[in-house]
>>> print(open('model_0.pdb').read())   # PDB, C-alpha atoms, pLDDT in the B column
ATOM      1  CA  MET F  92      36.714   8.978 -95.989  1.00 89.00           C
ATOM      2  CA  ALA F  93      38.431   9.744 -92.680  1.00 92.00           C
ATOM      3  CA  VAL F  94      38.723   6.062 -91.797  1.00 91.00           C
ATOM      4  CA  CYS F  95      39.964   5.172 -95.283  1.00 92.00           C
ATOM      5  CA  VAL F  96      42.686   7.846 -95.159  1.00 93.00           C
ATOM      6  CA  PHE F  97      43.734   7.126 -91.571  1.00 93.00           C
ATOM      7  CA  PHE F  98      43.965   3.354 -92.175  1.00 93.00           C
ATOM      8  CA  ARG F  99      44.921   3.564 -95.855  1.00 92.00           C
ATOM      9  CA  LEU F 100      47.933   1.235 -95.562  1.00 92.00           C
ATOM     10  CA  GLU F 101      46.022  -1.459 -93.657  1.00 91.00           C
ATOM     11  CA  LEU F 102      43.071  -1.255 -96.031  1.00 92.00           C
ATOM     12  CA  TRP F 103      45.265  -1.459 -99.112  1.00 93.00           C
ATOM     13  CA  ARG F 104      47.050  -4.539 -97.778  1.00 92.00           C
ATOM     14  CA  VAL F 105      43.745  -6.260 -96.953  1.00 92.00           C
ATOM     15  CA  ILE F 106      42.205  -5.468-100.353  1.00 92.00           C
ATOM     16  CA  ARG F 107      45.379  -6.568-102.130  1.00 92.00           C
ATOM     17  CA  SER F 108      45.389  -9.914-100.302  1.00 92.00           C
ATOM     18  CA  LEU F 109      41.739 -10.522-101.225  1.00 90.00           C
ATOM     19  CA  LEU F 110      42.533  -9.967-104.906  1.00 91.00           C
ATOM     20  CA  MET F 111      45.738 -12.035-105.027  1.00 88.00           C
ATOM     21  CA  ARG F 112      45.807 -15.488-106.600  1.00 86.00           C
ATOM     22  CA  LYS F 113      46.236 -18.335-104.128  1.00 85.00           C
ATOM     23  CA  GLU F 114      49.619 -19.408-105.448  1.00 84.00           C
ATOM     24  CA  ALA F 115      50.988 -15.870-105.041  1.00 85.00           C
ATOM     25  CA  ARG F 116      49.917 -15.469-101.400  1.00 85.00           C
ATOM     26  CA  GLY F 117      52.450 -15.843 -98.601  1.00 88.00           C
ATOM     27  CA  PRO F 118      51.712 -16.389 -94.886  1.00 88.00           C
ATOM     28  CA  GLU F 119      51.187 -12.660 -94.251  1.00 89.00           C
ATOM     29  CA  ASP F 120      48.907 -12.376 -97.277  1.00 88.00           C
ATOM     30  CA  GLU F 121      46.861 -15.314 -95.978  1.00 91.00           C
ATOM     31  CA  ARG F 122      46.505 -13.610 -92.609  1.00 91.00           C
ATOM     32  CA  LEU F 123      45.362 -10.385 -94.225  1.00 91.00           C
ATOM     33  CA  ARG F 124      42.977 -12.239 -96.526  1.00 93.00           C
ATOM     34  CA  ARG F 125      41.432 -13.969 -93.513  1.00 93.00           C
ATOM     35  CA  LEU F 126      41.066 -10.575 -91.842  1.00 93.00           C
ATOM     36  CA  GLY F 127      39.313  -9.232 -94.934  1.00 93.00           C
ATOM     37  CA  LEU F 128      36.863 -12.132 -94.950  1.00 93.00           C
ATOM     38  CA  LEU F 129      36.159 -11.618 -91.240  1.00 94.00           C
ATOM     39  CA  LEU F 130      35.431  -7.938 -91.902  1.00 93.00           C
ATOM     40  CA  ILE F 131      32.957  -8.894 -94.620  1.00 92.00           C
ATOM     41  CA  LEU F 132      31.294 -11.394 -92.290  1.00 92.00           C
ATOM     42  CA  GLY F 133      31.143  -8.855 -89.462  1.00 91.00           C
ATOM     43  CA  THR F 134      29.263  -6.464 -91.737  1.00 91.00           C
ATOM     44  CA  VAL F 135      26.328  -8.856 -92.257  1.00 89.00           C
ATOM     45  CA  PRO F 136      24.462  -8.233 -88.932  1.00 88.00           C
ATOM     46  CA  ALA F 137      24.496  -4.439 -89.355  1.00 85.00           C
ATOM     47  CA  ALA F 138      23.463  -4.737 -93.006  1.00 84.00           C
ATOM     48  CA  GLY F 139      20.526  -6.944 -92.053  1.00 85.00           C
ATOM     49  CA  ALA F 140      19.494  -4.654 -89.195  1.00 82.00           C
ATOM     50  CA  GLY F 141      19.747  -1.594 -91.421  1.00 77.00           C
ATOM     51  CA  VAL F 142      17.563  -3.043 -94.161  1.00 74.00           C
ATOM     52  CA  LEU F 143      14.994  -4.539 -91.783  1.00 77.00           C
ATOM     53  CA  PHE F 144      14.695  -1.880 -89.087  1.00 75.00           C
ATOM     54  CA  SER F 145      15.974   1.481 -90.357  1.00 72.00           C
ATOM     55  CA  ASN F 146      12.500   2.686 -91.397  1.00 71.00           C
ATOM     56  CA  GLU F 147      10.994   1.644 -88.054  1.00 72.00           C
ATOM     57  CA  ILE F 148      13.721   3.432 -86.120  1.00 70.00           C
ATOM     58  CA  GLU F 149      13.286   6.575 -88.197  1.00 71.00           C
ATOM     59  CA  GLY F 150       9.526   6.364 -87.615  1.00 69.00           C
ATOM     60  CA  VAL F 151       9.875   6.470 -83.819  1.00 66.00           C
ATOM     61  CA  PHE F 152      12.880   8.807 -83.787  1.00 72.00           C
ATOM     62  CA  ASP F 153      12.716  11.304 -80.958  1.00 80.00           C
ATOM     63  CA  ILE F 154      15.533  13.450 -79.591  1.00 87.00           C
ATOM     64  CA  ARG F 155      14.625  12.442 -76.023  1.00 87.00           C
ATOM     65  CA  LEU F 156      15.147   8.795 -76.942  1.00 88.00           C
ATOM     66  CA  VAL F 157      18.606   9.734 -78.195  1.00 89.00           C
ATOM     67  CA  GLY F 158      19.341  11.160 -74.744  1.00 92.00           C
ATOM     68  CA  PHE F 159      18.334   7.903 -73.051  1.00 93.00           C
ATOM     69  CA  ALA F 160      20.304   5.911 -75.653  1.00 92.00           C
ATOM     70  CA  MET F 161      23.400   7.956 -74.809  1.00 93.00           C
ATOM     71  CA  LEU F 162      23.002   6.983 -71.146  1.00 94.00           C
ATOM     72  CA  VAL F 163      22.791   3.343 -72.207  1.00 93.00           C
ATOM     73  CA  ASN F 164      25.868   3.885 -74.356  1.00 93.00           C
ATOM     74  CA  ALA F 165      27.711   5.329 -71.353  1.00 93.00           C
ATOM     75  CA  ALA F 166      26.827   2.279 -69.250  1.00 93.00           C
ATOM     76  CA  MET F 167      28.150   0.026 -72.017  1.00 91.00           C
ATOM     77  CA  LEU F 168      31.448   1.927 -72.179  1.00 90.00           C
ATOM     78  CA  PHE F 169      31.918   1.714 -68.409  1.00 91.00           C
ATOM     79  CA  LEU F 170      31.169  -2.023 -68.596  1.00 89.00           C
ATOM     80  CA  PHE F 171      33.670  -2.540 -71.396  1.00 88.00           C
ATOM     81  CA  GLU F 172      36.421  -0.888 -69.351  1.00 86.00           C
ATOM     82  CA  LYS F 173      35.495  -2.859 -66.240  1.00 84.00           C
ATOM     83  CA  VAL F 174      35.100  -6.323 -67.771  1.00 83.00           C
ATOM     84  CA  GLY F 175      37.063  -6.325 -71.016  1.00 77.00           C
ATOM     85  CA  SER F 176      40.230  -4.425 -70.188  1.00 74.00           C
ATOM     86  CA  ASN F 177      42.607  -7.383 -69.835  1.00 81.00           C
ATOM     87  CA  GLY F 178      42.446  -8.896 -73.328  1.00 80.00           C
ATOM     88  CA  THR F 179      45.718 -10.048 -74.849  1.00 85.00           C
ATOM     89  CA  ARG F 180      44.811 -11.680 -78.184  1.00 90.00           C
ATOM     90  CA  LYS F 181      46.177  -9.826 -81.213  1.00 89.00           C
ATOM     91  CA  THR F 182      44.277 -11.746 -83.898  1.00 90.00           C
ATOM     92  CA  ALA F 183      40.513 -11.845 -84.397  1.00 91.00           C
ATOM     93  CA  ASP F 184      38.725 -15.095 -85.249  1.00 92.00           C
ATOM     94  CA  LEU F 185      35.308 -16.105 -86.573  1.00 92.00           C
ATOM     95  CA  PRO F 186      33.374 -15.801 -83.269  1.00 93.00           C
ATOM     96  CA  ASP F 187      34.977 -12.388 -82.717  1.00 93.00           C
ATOM     97  CA  ALA F 188      33.708 -11.145 -86.083  1.00 93.00           C
ATOM     98  CA  VAL F 189      30.182 -12.367 -85.337  1.00 93.00           C
ATOM     99  CA  VAL F 190      30.034 -10.821 -81.853  1.00 93.00           C
ATOM    100  CA  ILE F 191      31.559  -7.509 -82.939  1.00 94.00           C
ATOM    101  CA  GLY F 192      29.195  -7.467 -85.912  1.00 93.00           C
ATOM    102  CA  MET F 193      26.238  -7.901 -83.539  1.00 93.00           C
ATOM    103  CA  PHE F 194      27.427  -4.968 -81.442  1.00 92.00           C
ATOM    104  CA  GLN F 195      27.665  -2.933 -84.625  1.00 91.00           C
ATOM    105  CA  ALA F 196      24.080  -3.852 -85.492  1.00 90.00           C
ATOM    106  CA  VAL F 197      22.914  -2.489 -82.114  1.00 89.00           C
ATOM    107  CA  ALA F 198      24.539   0.837 -83.005  1.00 88.00           C
ATOM    108  CA  ILE F 199      21.849   1.417 -85.635  1.00 85.00           C
ATOM    109  CA  ILE F 200      19.933   2.977 -82.719  1.00 86.00           C
ATOM    110  CA  PRO F 201      20.618   6.748 -82.660  1.00 86.00           C
ATOM    111  CA  GLY F 202      22.695   7.636 -79.617  1.00 87.00           C
ATOM    112  CA  ILE F 203      24.559   4.315 -79.493  1.00 89.00           C
ATOM    113  CA  SER F 204      28.171   4.737 -80.621  1.00 89.00           C
ATOM    114  CA  ARG F 205      29.226   2.426 -83.445  1.00 89.00           C
ATOM    115  CA  SER F 206      32.911   2.790 -82.639  1.00 89.00           C
ATOM    116  CA  GLY F 207      32.446   2.404 -78.899  1.00 89.00           C
ATOM    117  CA  SER F 208      30.166  -0.620 -79.282  1.00 91.00           C
ATOM    118  CA  THR F 209      32.425  -2.489 -81.678  1.00 93.00           C
ATOM    119  CA  ILE F 210      35.640  -1.714 -79.793  1.00 92.00           C
ATOM    120  CA  GLY F 211      33.975  -2.820 -76.573  1.00 91.00           C
ATOM    121  CA  GLY F 212      32.659  -5.970 -78.212  1.00 91.00           C
ATOM    122  CA  GLY F 213      36.181  -6.878 -79.249  1.00 92.00           C
ATOM    123  CA  MET F 214      37.499  -6.198 -75.742  1.00 92.00           C
ATOM    124  CA  LEU F 215      34.808  -8.411 -74.224  1.00 91.00           C
ATOM    125  CA  ARG F 216      35.949 -11.166 -76.591  1.00 92.00           C
ATOM    126  CA  GLY F 217      39.463 -10.932 -75.145  1.00 91.00           C
ATOM    127  CA  LEU F 218      41.130  -8.960 -77.931  1.00 93.00           C
ATOM    128  CA  GLU F 219      43.967  -6.646 -76.995  1.00 91.00           C
ATOM    129  CA  ARG F 220      42.746  -3.043 -76.862  1.00 90.00           C
ATOM    130  CA  GLU F 221      44.420  -1.716 -79.996  1.00 89.00           C
ATOM    131  CA  THR F 222      43.585  -4.883 -81.960  1.00 91.00           C
ATOM    132  CA  ALA F 223      39.918  -4.433 -81.060  1.00 92.00           C
ATOM    133  CA  ALA F 224      40.040  -0.755 -82.047  1.00 92.00           C
ATOM    134  CA  VAL F 225      41.716  -1.334 -85.425  1.00 92.00           C
ATOM    135  CA  PHE F 226      39.308  -4.179 -86.250  1.00 93.00           C
ATOM    136  CA  ALA F 227      36.364  -1.954 -85.283  1.00 93.00           C
ATOM    137  CA  PHE F 228      37.483   0.893 -87.523  1.00 92.00           C
ATOM    138  CA  LEU F 229      38.269  -1.362 -90.477  1.00 93.00           C
ATOM    139  CA  LEU F 230      34.842  -2.944 -89.999  1.00 92.00           C
ATOM    140  CA  SER F 231      33.265   0.482 -90.434  1.00 90.00           C
ATOM    141  CA  VAL F 232      34.483   0.769 -94.040  1.00 90.00           C
ATOM    142  CA  PRO F 233      32.256  -1.872 -95.721  1.00 88.00           C
ATOM    143  CA  THR F 234      29.432  -0.999 -93.306  1.00 85.00           C
ATOM    144  CA  LEU F 235      29.423   2.730 -94.025  1.00 85.00           C
ATOM    145  CA  LEU F 236      29.960   2.234 -97.752  1.00 86.00           C
ATOM    146  CA  GLY F 237      26.989  -0.134 -97.780  1.00 83.00           C
ATOM    147  CA  ALA F 238      24.864   2.311 -95.767  1.00 80.00           C
ATOM    148  CA  PHE F 239      25.788   5.120 -98.165  1.00 83.00           C
ATOM    149  CA  ALA F 240      24.897   3.046-101.222  1.00 83.00           C
ATOM    150  CA  TYR F 241      21.606   1.917 -99.653  1.00 79.00           C
ATOM    151  CA  GLY F 242      20.765   5.499 -98.709  1.00 78.00           C
ATOM    152  CA  MET F 243      21.430   6.758-102.234  1.00 79.00           C
ATOM    153  CA  LEU F 244      19.332   4.008-103.783  1.00 81.00           C
ATOM    154  CA  THR F 245      16.368   4.719-101.493  1.00 77.00           C
ATOM    155  CA  LEU F 246      16.688   8.514-101.547  1.00 75.00           C
ATOM    156  CA  ASP F 247      13.605  10.261-102.934  1.00 74.00           C
ATOM    157  CA  ARG F 248      15.377  13.487-103.772  1.00 73.00           C
ATOM    158  CA  PHE F 249      18.528  15.480-103.076  1.00 71.00           C
ATOM    159  CA  ASP F 250      18.156  19.258-102.982  1.00 74.00           C
ATOM    160  CA  ALA F 251      21.036  20.421-100.776  1.00 73.00           C
ATOM    161  CA  ASP F 252      23.299  23.223-101.959  1.00 81.00           C
ATOM    162  CA  LEU F 253      26.552  21.687-103.233  1.00 84.00           C
ATOM    163  CA  ALA F 254      28.733  24.361-101.616  1.00 89.00           C
ATOM    164  CA  THR F 255      27.095  23.729 -98.246  1.00 89.00           C
ATOM    165  CA  ALA F 256      27.465  19.992 -98.708  1.00 87.00           C
ATOM    166  CA  ALA F 257      31.160  20.396 -99.569  1.00 91.00           C
ATOM    167  CA  ILE F 258      31.770  22.481 -96.431  1.00 93.00           C
ATOM    168  CA  GLY F 259      29.986  19.851 -94.348  1.00 92.00           C
ATOM    169  CA  LEU F 260      32.023  17.069 -95.943  1.00 92.00           C
ATOM    170  CA  ALA F 261      35.296  18.891 -95.279  1.00 95.00           C
ATOM    171  CA  ALA F 262      34.334  19.581 -91.651  1.00 96.00           C
ATOM    172  CA  ALA F 263      33.291  15.967 -91.087  1.00 94.00           C
ATOM    173  CA  PHE F 264      36.496  14.689 -92.687  1.00 94.00           C
ATOM    174  CA  GLY F 265      38.740  16.921 -90.589  1.00 95.00           C
ATOM    175  CA  THR F 266      36.990  16.199 -87.294  1.00 94.00           C
ATOM    176  CA  GLY F 267      36.875  12.512 -88.221  1.00 93.00           C
ATOM    177  CA  ILE F 268      40.662  12.298 -88.614  1.00 94.00           C
ATOM    178  CA  VAL F 269      41.242  14.067 -85.288  1.00 94.00           C
ATOM    179  CA  SER F 270      38.589  11.977 -83.519  1.00 91.00           C
ATOM    180  CA  ILE F 271      40.016   8.660 -84.735  1.00 92.00           C
ATOM    181  CA  ASP F 272      43.467   9.598 -83.498  1.00 91.00           C
ATOM    182  CA  PHE F 273      42.097  10.778 -80.139  1.00 90.00           C
ATOM    183  CA  LEU F 274      39.984   7.648 -79.683  1.00 89.00           C
ATOM    184  CA  LEU F 275      42.902   5.324 -80.452  1.00 90.00           C
ATOM    185  CA  ARG F 276      45.065   7.143 -77.916  1.00 90.00           C
ATOM    186  CA  ALA F 277      42.317   6.865 -75.301  1.00 88.00           C
ATOM    187  CA  VAL F 278      41.834   3.147 -75.980  1.00 88.00           C
ATOM    188  CA  ARG F 279      45.578   2.444 -75.688  1.00 86.00           C
ATOM    189  CA  ARG F 280      45.714   4.249 -72.341  1.00 86.00           C
ATOM    190  CA  GLY F 281      42.647   2.534 -70.894  1.00 84.00           C
ATOM    191  CA  LYS F 282      40.570   5.701 -70.944  1.00 85.00           C
ATOM    192  CA  LEU F 283      37.545   4.623 -72.947  1.00 85.00           C
ATOM    193  CA  TRP F 284      35.512   5.691 -69.903  1.00 87.00           C
ATOM    194  CA  ILE F 285      36.120   9.326 -70.895  1.00 89.00           C
ATOM    195  CA  PHE F 286      33.577   8.910 -73.673  1.00 91.00           C
ATOM    196  CA  GLY F 287      31.194   7.340 -71.162  1.00 91.00           C
ATOM    197  CA  VAL F 288      31.367  10.493 -69.027  1.00 93.00           C
ATOM    198  CA  TYR F 289      30.745  12.595 -72.135  1.00 92.00           C
ATOM    199  CA  CYS F 290      27.670  10.500 -73.001  1.00 93.00           C
ATOM    200  CA  VAL F 291      26.303  10.828 -69.458  1.00 95.00           C
ATOM    201  CA  VAL F 292      26.635  14.612 -69.531  1.00 95.00           C
ATOM    202  CA  VAL F 293      25.222  15.132 -73.018  1.00 94.00           C
ATOM    203  CA  GLY F 294      22.497  12.507 -72.574  1.00 94.00           C
ATOM    204  CA  ALA F 295      21.355  14.097 -69.300  1.00 95.00           C
ATOM    205  CA  ILE F 296      21.304  17.567 -70.893  1.00 95.00           C
ATOM    206  CA  VAL F 297      19.253  16.294 -73.840  1.00 93.00           C
ATOM    207  CA  ILE F 298      16.720  14.628 -71.533  1.00 93.00           C
ATOM    208  CA  MET F 299      16.377  17.724 -69.311  1.00 93.00           C
ATOM    209  CA  LEU F 300      15.898  20.030 -72.299  1.00 92.00           C
ATOM    210  CA  THR F 301      13.170  17.787 -73.776  1.00 87.00           C
ATOM    211  CA  LEU F 302      11.094  17.213 -70.632  1.00 82.00           C
TER     212      LEU F 302
END
>>> encode(input="model_0.pdb", output="structure tokens")
Amino acid sequence: MAVCVFFRLELWRVIRSLLMRKEARGPEDERLRRLGLLLILGTVPAAGAGVLFSNEIEGVFDIRLVGFAMLVNAAMLFLFEKVGSNGTRKTADLPDAVVIGMFQAVAIIPGISRSGSTIGGGMLRGLERETAAVFAFLLSVPTLLGAFAYGMLTLDRFDADLATAAIGLAAAFGTGIVSIDFLLRAVRRGKLWIFGVYCVVVGAIVIMLTL
């Protein structure tokens, strides 16, 4: 919901271009339609990984492993800033969608950041920082909607208190809006490494507390 509200104009334009008849589409509509198709394609790796491996990952889930995964995530973020910080392309293409989609699939592992992985994947492909970030967030929409639908279809039961769930939803929505804005500012300023430092600190604390 936070992503959809924050990027509501971009999402509406992409969806509109996908639904338009060919004869009614102008050059900008064609560009947006191509972007929409790339987002759909980029969702495929994560969808496949989720269906094939989600049960296995849940079966071996351990909070200590999350701590180690956060350290790996930190190393990835530092690498992205070191290697992929000079991208200049402002338009994603087919190989970009595939690579970014693969990075998103890796983020099925708890402790690996979906946003950080996909933004970094775009930077490694030579995309300009903000282009990589916007593509990564738009890519989250079909992915998270698909994950939600899959989770509801495979859910055995739901017994949470609705008031508690509503409070949780509101808190997640509010922090999501603030976090998206903060992350975009950090990406623009070349400070993605800040999240790497955070992951090092939290990952180390988790590991020490679970020894």
>>> closest_residue(input="model_0.pdb", among="F:Asn177, F:Ser145, F:Thr182, F:Gln195", to="Gly133 in chain F", atoms="all atoms listed in the file")
F:Gln195
>>> closest_atom_pairs(input="model_0.pdb", of="range 117-202 of chain F", to="range 224-242 of chain F", cutoff="8 Å", atoms="all atoms listed in the file", output="CSV")
residue,atom,partner,partner_atom,distance
F:Leu130,CA,F:Leu230,CA,5.4
F:Ile131,CA,F:Pro233,CA,7.1
F:Gly133,CA,F:Leu230,CA,7.0
F:Thr134,CA,F:Thr234,CA,5.7
F:Ala137,CA,F:Thr234,CA,7.2
F:Ala138,CA,F:Thr234,CA,7.0
F:Gly141,CA,F:Ala238,CA,7.8
F:Ala183,CA,F:Phe226,CA,8.0
F:Ile191,CA,F:Ala227,CA,7.7
>>> closest_atom_pairs(input="model_0.pdb", of="range 147-195 of chain F", to="range 281-292 of chain F", cutoff="10 Å", atoms="only C-alpha atoms", output="JSON lines")
{"residue": "F:Gly158", "atom": "CA", "partner": "F:Cys290", "partner_atom": "CA", "distance": 8.5}
{"residue": "F:Phe159", "atom": "CA", "partner": "F:Val291", "partner_atom": "CA", "distance": 9.2}
{"residue": "F:Ala160", "atom": "CA", "partner": "F:Cys290", "partner_atom": "CA", "distance": 9.1}
{"residue": "F:Met161", "atom": "CA", "partner": "F:Cys290", "partner_atom": "CA", "distance": 5.3}
{"residue": "F:Leu162", "atom": "CA", "partner": "F:Val291", "partner_atom": "CA", "distance": 5.3}
{"residue": "F:Val163", "atom": "CA", "partner": "F:Cys290", "partner_atom": "CA", "distance": 8.7}
{"residue": "F:Asn164", "atom": "CA", "partner": "F:Cys290", "partner_atom": "CA", "distance": 7.0}
{"residue": "F:Ala165", "atom": "CA", "partner": "F:Gly287", "partner_atom": "CA", "distance": 4.0}
{"residue": "F:Ala166", "atom": "CA", "partner": "F:Gly287", "partner_atom": "CA", "distance": 7.0}
{"residue": "F:Met167", "atom": "CA", "partner": "F:Gly287", "partner_atom": "CA", "distance": 8.0}
{"residue": "F:Leu168", "atom": "CA", "partner": "F:Gly287", "partner_atom": "CA", "distance": 5.5}
{"residue": "F:Phe169", "atom": "CA", "partner": "F:Trp284", "partner_atom": "CA", "distance": 5.6}
{"residue": "F:Leu170", "atom": "CA", "partner": "F:Trp284", "partner_atom": "CA", "distance": 8.9}
{"residue": "F:Phe171", "atom": "CA", "partner": "F:Leu283", "partner_atom": "CA", "distance": 8.3}
{"residue": "F:Glu172", "atom": "CA", "partner": "F:Trp284", "partner_atom": "CA", "distance": 6.7}
{"residue": "F:Lys173", "atom": "CA", "partner": "F:Trp284", "partner_atom": "CA", "distance": 9.3}
{"residue": "F:Ser176", "atom": "CA", "partner": "F:Gly281", "partner_atom": "CA", "distance": 7.4}
{"residue": "F:Asn177", "atom": "CA", "partner": "F:Gly281", "partner_atom": "CA", "distance": 10.0}
>>> write_last_selection(input="model_0.pdb", atoms="C-alpha atoms", output="mmCIF file, in the coordinates of the input")
data_model
loop_
_atom_site.group_PDB
_atom_site.id
_atom_site.type_symbol
_atom_site.label_atom_id
_atom_site.label_comp_id
_atom_site.auth_asym_id
_atom_site.auth_seq_id
_atom_site.Cartn_x
_atom_site.Cartn_y
_atom_site.Cartn_z
ATOM 1 C CA GLY F 158 19.341 11.160 -74.744
ATOM 2 C CA PHE F 159 18.334 7.903 -73.051
ATOM 3 C CA ALA F 160 20.304 5.911 -75.653
ATOM 4 C CA MET F 161 23.400 7.956 -74.809
ATOM 5 C CA LEU F 162 23.002 6.983 -71.146
ATOM 6 C CA VAL F 163 22.791 3.343 -72.207
ATOM 7 C CA ASN F 164 25.868 3.885 -74.356
ATOM 8 C CA ALA F 165 27.711 5.329 -71.353
ATOM 9 C CA ALA F 166 26.827 2.279 -69.250
ATOM 10 C CA MET F 167 28.150 0.026 -72.017
ATOM 11 C CA LEU F 168 31.448 1.927 -72.179
ATOM 12 C CA PHE F 169 31.918 1.714 -68.409
ATOM 13 C CA LEU F 170 31.169 -2.023 -68.596
ATOM 14 C CA PHE F 171 33.670 -2.540 -71.396
ATOM 15 C CA GLU F 172 36.421 -0.888 -69.351
ATOM 16 C CA LYS F 173 35.495 -2.859 -66.240
ATOM 17 C CA SER F 176 40.230 -4.425 -70.188
ATOM 18 C CA ASN F 177 42.607 -7.383 -69.835
#
>>> residues_around(input="model_0.pdb", residues="Thr266 in chain F", least_positions_apart="5", cutoff="9 Å", atoms="only C-alpha atoms", output="list in words")
Ala93, Ala261 and Ile271 of chain F
>>> atom_distance(input="model_0.pdb", atom1="CA of Phe249 in chain F", atom2="CA of Phe144 in chain F")
22.6 Å
>>> resolve_selection(input="model_0.pdb", expression="the PyMOL selection byres ((chain F and resi 199) around 12)", output="ChimeraX atom specification")
/F:136-149,152,157,160,192-198,200-206,208-209,234-235,238
>>> atom_distance(input="model_0.pdb", atom1="CA of Val135 in chain F", atom2="CA of Arg104 in chain F")
21.9 Å
>>> resolve_selection(input="model_0.pdb", expression="the PyMOL selection byres ((chain F and resi 215) around 7)", output="list in words")
Phe171, Val174, Gly175, Gly211, Gly212, Gly213, Met214, Arg216 and Gly217 of chain F
>>> atom_distance(input="model_0.pdb", atom1="CA of Ile210 in chain F", atom2="CA of Leu102 in chain F")
17.9 Å
>>> closest_residue(input="model_0.pdb", among="F:Ala262, F:Ala256, F:Leu246, F:Leu126", to="Thr222 in chain F", atoms="all atoms listed in the file")
F:Leu126
>>> resolve_selection(input="model_0.pdb", expression="the PyMOL selection byres ((chain F and resi 108) around 8)", output="MDAnalysis selection string")
chainID F and resid 104:107 109:111 116 120:121 123:124
>>> closest_residue(input="model_0.pdb", among="F:Val189, F:Gly207, F:Leu302, F:Leu156", to="Arg220 in chain F", atoms="only C-alpha atoms")
F:Gly207
>>> axis_aligned_box(input="model_0.pdb", around="range 239-252 of chain F", padding_each_side="4 Å", output="lines of an AutoDock Vina configuration file")
center_x = 19.7
center_y = 12.6
center_z = -101.0
size_x = 20.2
size_y = 29.3
size_z = 13.6
>>> residues_near_point(input="model_0.pdb", point="(41.1, 10.2, -88.0)", cutoff="9 Å", atoms="only C-alpha atoms", output="ChimeraX atom specification")
/F:93-98,264-274
>>> decode(input="model_0.pdb", residues="range 140-156 of chain F", atoms="N, CA and C atoms", output="CSV table (one decimal), in the first residue's frame")
chain,number,residue,atom,x,y,z
F,140,ALA,N,10.9,-18.5,-7.4
F,140,ALA,CA,11.6,-18.9,-6.2
F,140,ALA,C,10.6,-19.0,-5.0
F,141,GLY,N,9.6,-18.1,-4.9
F,141,GLY,CA,8.7,-18.2,-3.8
F,141,GLY,C,7.9,-19.5,-3.8
F,142,VAL,N,7.4,-19.9,-5.0
F,142,VAL,CA,6.6,-21.1,-5.1
F,142,VAL,C,7.5,-22.3,-4.8
F,143,LEU,N,8.7,-22.4,-5.3
F,143,LEU,CA,9.5,-23.5,-5.2
F,143,LEU,C,10.2,-23.7,-3.9
F,144,PHE,N,10.6,-22.5,-3.2
F,144,PHE,CA,11.5,-22.6,-2.1
F,144,PHE,C,11.0,-22.0,-0.8
F,145,SER,N,9.8,-21.4,-0.8
F,145,SER,CA,9.4,-20.7,0.4
F,145,SER,C,9.2,-21.7,1.6
F,146,ASN,N,8.7,-22.9,1.3
F,146,ASN,CA,8.4,-23.9,2.4
F,146,ASN,C,9.8,-24.4,2.9
F,147,GLU,N,10.8,-24.6,2.0
F,147,GLU,CA,12.1,-25.0,2.5
F,147,GLU,C,12.7,-24.0,3.4
F,148,ILE,N,12.6,-22.7,3.0
F,148,ILE,CA,13.2,-21.6,3.7
F,148,ILE,C,12.6,-21.5,5.1
F,149,GLU,N,11.2,-21.6,5.1
F,149,GLU,CA,10.5,-21.5,6.4
F,149,GLU,C,10.9,-22.7,7.3
F,150,GLY,N,11.2,-23.9,6.7
F,150,GLY,CA,11.5,-25.1,7.4
F,150,GLY,C,12.9,-24.9,8.2
F,151,VAL,N,13.8,-24.2,7.6
F,151,VAL,CA,15.1,-24.1,8.2
F,151,VAL,C,15.3,-22.7,8.8
F,152,PHE,N,14.2,-21.9,8.9
F,152,PHE,CA,14.3,-20.6,9.5
F,152,PHE,C,14.9,-20.6,10.9
F,153,ASP,N,15.8,-19.7,11.1
F,153,ASP,CA,16.4,-19.6,12.4
F,153,ASP,C,16.9,-18.1,12.5
F,154,ILE,N,16.7,-17.5,13.7
F,154,ILE,CA,17.0,-16.1,13.8
F,154,ILE,C,18.5,-15.8,13.7
F,155,ARG,N,19.3,-16.8,14.0
F,155,ARG,CA,20.7,-16.6,13.9
F,155,ARG,C,21.1,-16.5,12.4
F,156,LEU,N,20.4,-17.3,11.6
F,156,LEU,CA,20.7,-17.3,10.1
F,156,LEU,C,20.3,-15.9,9.6
